[in-house]
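Colleague: I'm passing along model_29.cif; it holds mmCIF, C-alpha atoms.
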```cif
data_coords
loop_
_atom_site.label_atom_id
_atom_site.label_comp_id
_atom_site.auth_asym_id
_atom_site.auth_seq_id
_atom_site.Cartn_x
_atom_site.Cartn_y
_atom_site.Cartn_z
CA MET A 56 75.78 36.91 66.40
CA ALA A 57 73.01 35.80 64.04
CA ASP A 58 69.45 37.12 64.41
CA ASP A 59 66.20 35.41 63.43
CA LEU A 60 64.58 37.76 60.90
CA PRO A 61 61.40 37.62 58.78
CA MET A 62 62.42 37.68 55.11
CA PHE A 63 60.76 39.07 51.99
CA PRO A 64 62.41 37.72 48.80
CA LEU A 65 61.78 40.08 45.89
CA GLY A 66 62.74 40.65 42.29
CA THR A 67 64.50 43.87 43.29
CA VAL A 68 67.54 44.79 45.38
CA LEU A 69 67.12 47.10 48.37
CA LEU A 70 70.10 49.25 49.38
CA PRO A 71 70.70 50.99 52.71
CA GLY A 72 69.06 54.40 52.65
CA ALA A 73 66.82 53.61 49.66
CA HIS A 74 63.02 53.67 49.94
CA LEU A 75 60.95 50.68 48.86
CA PRO A 76 57.14 50.91 48.56
CA LEU A 77 55.36 47.57 48.65
CA GLN A 78 51.81 46.40 48.09
CA VAL A 79 51.45 43.13 50.01
CA PHE A 80 48.67 40.74 49.08
CA GLU A 81 49.99 37.16 49.37
CA PRO A 82 48.65 35.59 52.61
CA ARG A 83 52.05 34.56 54.01
CA TYR A 84 53.44 38.06 53.56
CA ARG A 85 50.33 39.64 55.07
CA ARG A 86 51.13 37.52 58.11
CA LEU A 87 54.73 38.77 57.97
CA VAL A 88 53.53 42.40 57.98
CA GLU A 89 51.20 41.77 60.91
CA ALA A 90 53.97 40.06 62.89
CA CYS A 91 56.36 42.96 62.22
CA LEU A 92 53.78 45.55 63.26
CA ASP A 93 53.12 43.61 66.46
CA GLY A 94 56.85 43.56 67.28
CA THR A 95 59.92 44.99 65.57
CA PRO A 96 58.84 46.67 62.30
CA GLU A 97 61.69 45.22 60.26
CA PHE A 98 62.23 42.42 57.77
CA GLY A 99 65.01 41.35 55.43
CA VAL A 100 64.89 41.84 51.66
CA VAL A 101 66.90 39.55 49.38
CA LEU A 102 66.94 39.19 45.61
CA ILE A 103 65.31 36.09 44.14
CA GLU A 104 67.88 34.11 42.17
CA ARG A 105 65.37 31.82 40.47
CA GLY A 106 61.58 31.64 40.65
CA SER A 107 58.95 34.29 41.29
CA GLU A 108 57.82 36.53 44.13
CA VAL A 109 54.47 34.75 44.43
CA GLY A 110 53.84 31.15 45.37
CA GLY A 111 57.11 30.07 46.99
CA GLY A 112 59.67 27.58 45.73
CA ASP A 113 62.11 30.34 44.79
CA ARG A 114 65.91 30.34 45.19
CA ARG A 115 67.42 33.36 46.89
CA PHE A 116 70.75 35.14 47.10
CA ASP A 117 72.35 35.27 50.54
CA VAL A 118 73.14 39.01 50.71
CA GLY A 119 70.36 41.42 51.58
CA CYS A 120 69.26 44.54 53.38
CA VAL A 121 67.02 45.09 56.37
CA ALA A 122 63.89 47.10 55.55
CA ARG A 123 62.24 49.19 58.26
CA ILE A 124 58.51 49.88 57.94
CA LEU A 125 57.93 53.64 58.01
CA SER A 126 54.19 53.46 57.39
CA ALA A 127 51.63 50.72 56.86
CA VAL A 128 48.10 51.16 55.55
CA ARG A 129 45.62 48.31 55.38
CA LEU A 130 43.76 48.84 52.12
CA ASP A 131 41.25 46.02 52.75
CA GLU A 132 41.24 42.50 54.15
CA GLU A 133 43.52 41.32 51.36
CA ARG A 134 46.19 44.03 50.97
CA TRP A 135 48.71 46.15 52.86
CA LEU A 136 50.45 49.22 51.46
CA LEU A 137 53.90 49.71 52.98
CA ASN A 138 56.52 52.42 52.81
CA THR A 139 59.90 51.04 53.87
CA VAL A 140 63.52 52.16 53.92
CA GLY A 141 66.71 50.09 53.81
CA THR A 142 68.70 50.39 57.03
CA ARG A 143 71.65 47.97 57.05
CA ARG A 144 73.33 45.22 55.05
CA VAL A 145 73.10 41.59 56.21
CA ARG A 146 74.27 38.14 55.18
CA VAL A 147 72.04 35.07 55.43
CA VAL A 148 73.64 32.42 57.62
CA ARG A 149 70.89 29.86 57.02
CA TRP A 150 67.27 29.73 55.97
CA LEU A 151 64.76 28.57 58.60
CA PRO A 152 61.48 26.69 58.13
CA GLU A 153 58.71 28.99 56.95
CA ALA A 154 56.28 29.81 59.72
CA PRO A 155 54.33 30.62 57.56
CA TYR A 156 56.48 33.29 55.91
CA PRO A 157 60.20 32.98 55.05
CA ARG A 158 62.65 33.43 57.92
CA ALA A 159 66.42 33.29 58.14
CA GLU A 160 69.27 33.64 60.55
CA VAL A 161 71.18 36.71 59.43
CA GLU A 162 74.33 38.45 60.60
CA PRO A 163 75.18 42.13 60.16
CA TRP A 164 77.67 43.02 57.44
CA ASP A 165 79.02 46.45 58.25
CA ASP A 166 81.15 48.38 55.79
CA PRO A 167 84.77 49.00 56.77
CA ARG A 168 86.03 52.56 56.93
CA PRO A 169 86.87 54.13 53.56
CA GLY A 170 90.54 54.19 52.60
CA PRO A 171 92.72 57.08 51.45
CA GLY A 172 91.34 59.09 48.56
CA ALA A 173 87.71 58.26 49.41
CA ASP A 174 86.50 61.83 48.87
CA GLU A 175 88.14 62.01 45.45
CA ARG A 176 86.71 58.60 44.51
CA ARG A 177 83.23 59.74 45.59
CA ALA A 178 83.51 62.97 43.58
CA ALA A 179 84.68 61.20 40.40
CA THR A 180 81.91 58.60 40.64
CA LEU A 181 79.32 61.31 41.21
CA THR A 182 80.46 63.13 38.08
CA ALA A 183 80.12 59.91 36.09
CA LEU A 184 76.67 59.26 37.57
CA ARG A 185 75.41 62.73 36.71
CA ARG A 186 76.61 62.30 33.12
CA VAL A 187 74.83 58.95 32.76
CA LEU A 188 71.60 60.29 34.25
CA ALA A 189 71.70 63.30 31.93
CA LEU A 190 72.30 61.09 28.87
CA ALA A 191 69.54 58.69 29.90
CA ALA A 192 67.10 61.56 30.43
CA GLU A 193 68.00 62.90 26.99
CA MET A 194 67.04 59.49 25.58
CA GLY A 195 63.70 59.72 27.39
CA ASP A 196 64.51 56.94 29.85
CA PRO A 197 62.77 57.11 33.25
CA VAL A 198 65.70 57.90 35.56
CA ALA A 199 66.40 60.00 38.62
CA ASP A 200 67.14 63.70 38.17
CA ALA A 201 70.83 64.27 37.47
CA THR A 202 70.90 66.98 40.16
CA THR A 203 69.63 64.72 42.95
CA PRO A 204 71.71 65.52 46.06
CA VAL A 205 74.19 62.89 47.28
CA GLY A 206 75.69 62.86 50.77
CA GLU A 207 79.29 63.74 51.51
CA GLU A 208 80.11 60.69 53.65
CA PRO A 209 81.59 58.02 51.31
CA VAL A 210 79.80 54.94 52.68
CA ARG A 211 76.39 56.56 52.53
CA ALA A 212 77.21 58.14 49.16
CA SER A 213 78.25 54.79 47.70
CA TYR A 214 74.82 53.34 48.47
CA GLN A 215 72.97 56.45 47.33
CA MET A 216 74.71 56.47 43.98
CA ALA A 217 74.20 52.74 43.52
CA ALA A 218 70.47 53.29 44.08
CA LEU A 219 70.29 56.24 41.66
CA ALA A 220 72.26 54.60 38.85
CA PRO A 221 70.19 53.05 36.00
CA LEU A 222 71.43 49.48 36.51
CA GLY A 223 70.06 45.97 36.38
CA GLU A 224 69.29 44.15 39.60
CA LEU A 225 72.30 41.80 39.39
CA ASP A 226 74.64 44.77 39.00
CA ARG A 227 72.95 46.42 41.97
CA LEU A 228 73.38 43.22 43.96
CA ARG A 229 77.10 43.16 43.17
CA LEU A 230 77.35 46.70 44.49
CA LEU A 231 75.47 45.77 47.66
CA ALA A 232 77.87 42.85 48.13
CA ALA A 233 81.03 44.90 47.53
CA PRO A 234 83.49 44.28 50.39
CA SER A 235 84.12 47.98 51.04
CA PRO A 236 82.82 51.41 50.05
CA ASP A 237 86.00 51.98 48.04
CA ASP A 238 85.41 48.80 46.07
CA ARG A 239 81.72 49.70 45.63
CA LEU A 240 82.59 53.09 44.17
CA ASP A 241 85.23 51.59 41.88
CA ARG A 242 82.76 48.97 40.61
CA LEU A 243 80.07 51.61 40.16
CA ALA A 244 82.45 53.89 38.24
CA CYS A 245 83.22 51.04 35.80
CA LEU A 246 79.53 50.27 35.33
CA LEU A 247 78.77 53.93 34.74
CA GLU A 248 81.55 54.21 32.17
CA GLU A 249 80.08 51.26 30.27
CA GLU A 250 76.57 52.70 30.50
CA ALA A 251 77.73 56.11 29.29
CA SER A 252 79.27 54.51 26.20
CA VAL A 253 76.04 52.66 25.44
CA LEU A 254 73.92 55.77 25.89
CA ALA A 255 76.25 57.94 23.79
CA SER A 256 76.06 55.36 21.00
CA ARG A 257 72.26 55.33 21.19
CA LEU A 258 72.15 59.10 20.97
CA GLU A 259 74.36 59.02 17.89
CA GLY A 260 72.04 56.48 16.31
CA GLY A 261 74.48 53.58 16.66
#
```
So, in terms of structure tokens, how does the structure I just supplied come out?
Modeller:
Amino acid sequence: MADDLPMFPLGTVLLPGAHLPLQVFEPRYRRLVEACLDGTPEFGVVLIERGSEVGGGDRRFDVGCVARILSAVRLDEERWLLNTVGTRRVRVVRWLPEAPYPRAEVEPWDDPRPGPGADERRAATLTALRRVLALAAEMGDPVADATTPVGEEPVRASYQMAALAPLGELDRLRLLAAPSPDDRLDRLACLLEEEASVLASRLEGG
């Protein structure tokens, strides 16, 4: 069953379990924040396909993540400072008229159970991730610590590793939209292998 949800199109992909700080200043999104705080403190986050975050008229992808507001501080009459966390994946069924902020009918998109060999797949992908993070840190790139803990449960781990990996937003979107945690980990492992090759070449001066 589809739900009517306030939506916040952004130039970044939010993944379940990942934290997203936001400074909200555009009038329509200040209204969105106020509506969420008066009711259910949740809104959807989708990646902008074309256009910008400010001013409207953007095109948006139809896969996103629900963000839950953990804290909200009103800095002044013009700005809110939010701390949010991704909770669950959703698909946009259809966009609704803005009133005055973007809204959409969305349906939940739960991950299926992992298949055989999920623990081994998780462990191999984690090894690849730690290598890439270590190489990137050696290059001086701003990345997560290579020793950042990752959960044991494969679905949660697949999202955690996708959030930690130094990837572009379209790659992160493809991981969010993977049909299963097994497929997500396989895709992530391939992306990490490619990134490791690039980083190793950079370190060698290639």
Colleague: Given 3 Å on each side, where is the centre and what are the edge lengths in Å to one decimal of the axis-aligned box enclosing the listed atoms of segment 119-130 of chain A, as AutoDock Vina command-line options?
Modeller:
```
--center_x 57.1 --center_y 47.5 --center_z 54.9 --size_x 32.6 --size_y 18.2 --size_z 12.7
```
Colleague: Point out the residue among A:Val253, A:Pro157, A:Phe116, A:Phe98 with the least atom-to-atom distance to Ala232 of chain A, counting only C-alpha atoms.
Modeller: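 Between A:Val253, A:Pro157, A:Phe116, A:Phe98, the residue approaching Ala232 of chain A most closely is A:Phe116.
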Colleague: Can you work out which one of A:Ser252, A:Thr95, A:Ser213, A:Gln78 has the shortest atom-to-atom distance to Leu190 of chain A, counting only C-alpha atoms?
Modeller: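 Residue with the minimum atom-to-atom distance to Leu190 of chain A: A:Ser252.
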Colleague: Could you tell me which of A:Leu258, A:Leu92, A:Cys245, A:Ala73 comes closest to Glu193 of chain A if we count all atoms listed in the file?
Modeller: A:Leu258
Colleague: For Val100 of chain A, which residue out of A:Phe63, A:Tyr84, A:Trp135, A:Trp150 is the nearest one, using only C-alpha atoms?
Modeller: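 Closest to Val100 of chain A, using only C-alpha atoms: A:Phe63.
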Colleague: Return the single residue from A:Gly195, A:Pro61, A:Gly119, A:Gly141 that is closest to Arg86 of chain A, with distances computed using all atoms listed in the file.
Modeller: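 For Arg86 of chain A, the nearest of the given residues is A:Pro61.
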Colleague: From the options A:Ile124, A:Leu137, A:Leu219, A:Ala191, which residue's atoms come nearest to Val79 of chain A, counting all atoms listed in the file?
Modeller: A:Leu137
Colleague: Write out as an MDAnalysis selection string which residues come within 10 Å of Leu181 of chain A when counting all atoms listed in the file, dropping same-chain ones fewer than 5 positions away.
Modeller: chainID A and resid 175:176 186:187 201 204:205 212:213 216 240 243:244 247
Colleague: What does the distance between atom CA of Leu65 of chain A and atom CA of Arg242 of chain A come to in Å, to one decimal place?
Modeller: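 According to the coordinates, atom CA of Leu65 of chain A and atom CA of Arg242 of chain A are separated by 23.4 Å.
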Colleague: Between atom CA of Leu188 of chain A and atom CA of Val101 of chain A, measure the distance and give it in Å to one decimal.
Modeller: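 Going from atom CA of Leu188 of chain A over to atom CA of Val101 of chain A covers 26.1 Å.
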Colleague: Any chance you could resolve the PyMOL selection byres ((chain A and resi 161-165) around 8) against this file and give the residues as a list in words?
Modeller: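 When the PyMOL selection byres ((chain A and resi 161-165) around 8) is applied, the selected residues are Met56, Ala57, Asp58, Asp59, Leu60, Arg143, Arg144, Val145, Arg146, Val147, Val148, Arg149, Ala159, Glu160, Asp166 and Pro167 of chain A.
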Colleague: Using Å and a single decimal, report how far atom CA of Ala220 of chain A sits from atom CA of Thr202 of chain A.
Modeller: 12.5 Å
Colleague: Written as a list in words, what is the full residue list that the PyMOL selection byres ((chain A and resi 155) around 10) yields on the file shown?
Modeller: Pro82, Arg83, Tyr84, Arg86, Leu87, Pro152, Glu153, Ala154, Tyr156, Pro157 and Arg158 of chain A
Colleague: For this structure, which residues satisfy the selection - the PyMOL selection byres ((chain A and resi 170) around 12) - when it is evaluated on the file as given? I want them as a list in words.
Modeller: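 Expected selection for the PyMOL selection byres ((chain A and resi 170) around 12) here is Asp166, Pro167, Arg168, Pro169, Pro171, Gly172, Ala173, Asp174, Glu175, Arg176, Arg177, Pro209, Val210, Ser235, Pro236, Asp237, Asp238 and Leu240 of chain A.
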Colleague: Would you mind putting N, CA and C atoms back on segment 136-147 of chain A and writing the result as an mmCIF file, in the coordinates of the input?
Modeller:
```cif
data_model
loop_
_atom_site.group_PDB
_atom_site.id
_atom_site.type_symbol
_atom_site.label_atom_id
_atom_site.label_comp_id
_atom_site.auth_asym_id
_atom_site.auth_seq_id
_atom_site.Cartn_x
_atom_site.Cartn_y
_atom_site.Cartn_z
ATOM 1 N N LEU A 136 49.584 48.308 52.188
ATOM 2 C CA LEU A 136 50.450 49.220 51.460
ATOM 3 C C LEU A 136 51.526 49.699 52.419
ATOM 4 N N LEU A 137 52.790 49.375 52.097
ATOM 5 C CA LEU A 137 53.900 49.710 52.980
ATOM 6 C C LEU A 137 54.822 50.738 52.349
ATOM 7 N N ASN A 138 55.386 51.578 53.193
ATOM 8 C CA ASN A 138 56.520 52.420 52.810
ATOM 9 C C ASN A 138 57.681 52.012 53.700
ATOM 10 N N THR A 139 58.763 51.542 53.097
ATOM 11 C CA THR A 139 59.900 51.040 53.870
ATOM 12 C C THR A 139 61.182 51.718 53.423
ATOM 13 N N VAL A 140 62.202 51.619 54.265
ATOM 14 C CA VAL A 140 63.520 52.160 53.920
ATOM 15 C C VAL A 140 64.583 51.137 54.319
ATOM 16 N N GLY A 141 65.598 50.972 53.477
ATOM 17 C CA GLY A 141 66.710 50.090 53.810
ATOM 18 C C GLY A 141 67.562 50.686 54.916
ATOM 19 N N THR A 142 67.945 49.863 55.878
ATOM 20 C CA THR A 142 68.700 50.390 57.030
ATOM 21 C C THR A 142 70.122 49.847 57.100
ATOM 22 N N ARG A 143 70.321 48.551 56.874
ATOM 23 C CA ARG A 143 71.650 47.970 57.050
ATOM 24 C C ARG A 143 71.782 46.688 56.236
ATOM 25 N N ARG A 144 73.022 46.407 55.859
ATOM 26 C CA ARG A 144 73.330 45.220 55.050
ATOM 27 C C ARG A 144 73.463 43.997 55.956
ATOM 28 N N VAL A 145 73.000 42.844 55.455
ATOM 29 C CA VAL A 145 73.100 41.590 56.210
ATOM 30 C C VAL A 145 73.491 40.451 55.270
ATOM 31 N N ARG A 146 74.021 39.391 55.888
ATOM 32 C CA ARG A 146 74.270 38.140 55.180
ATOM 33 C C ARG A 146 73.404 37.051 55.795
ATOM 34 N N VAL A 147 72.842 36.198 54.949
ATOM 35 C CA VAL A 147 72.040 35.070 55.430
ATOM 36 C C VAL A 147 72.984 33.951 55.859
#
```
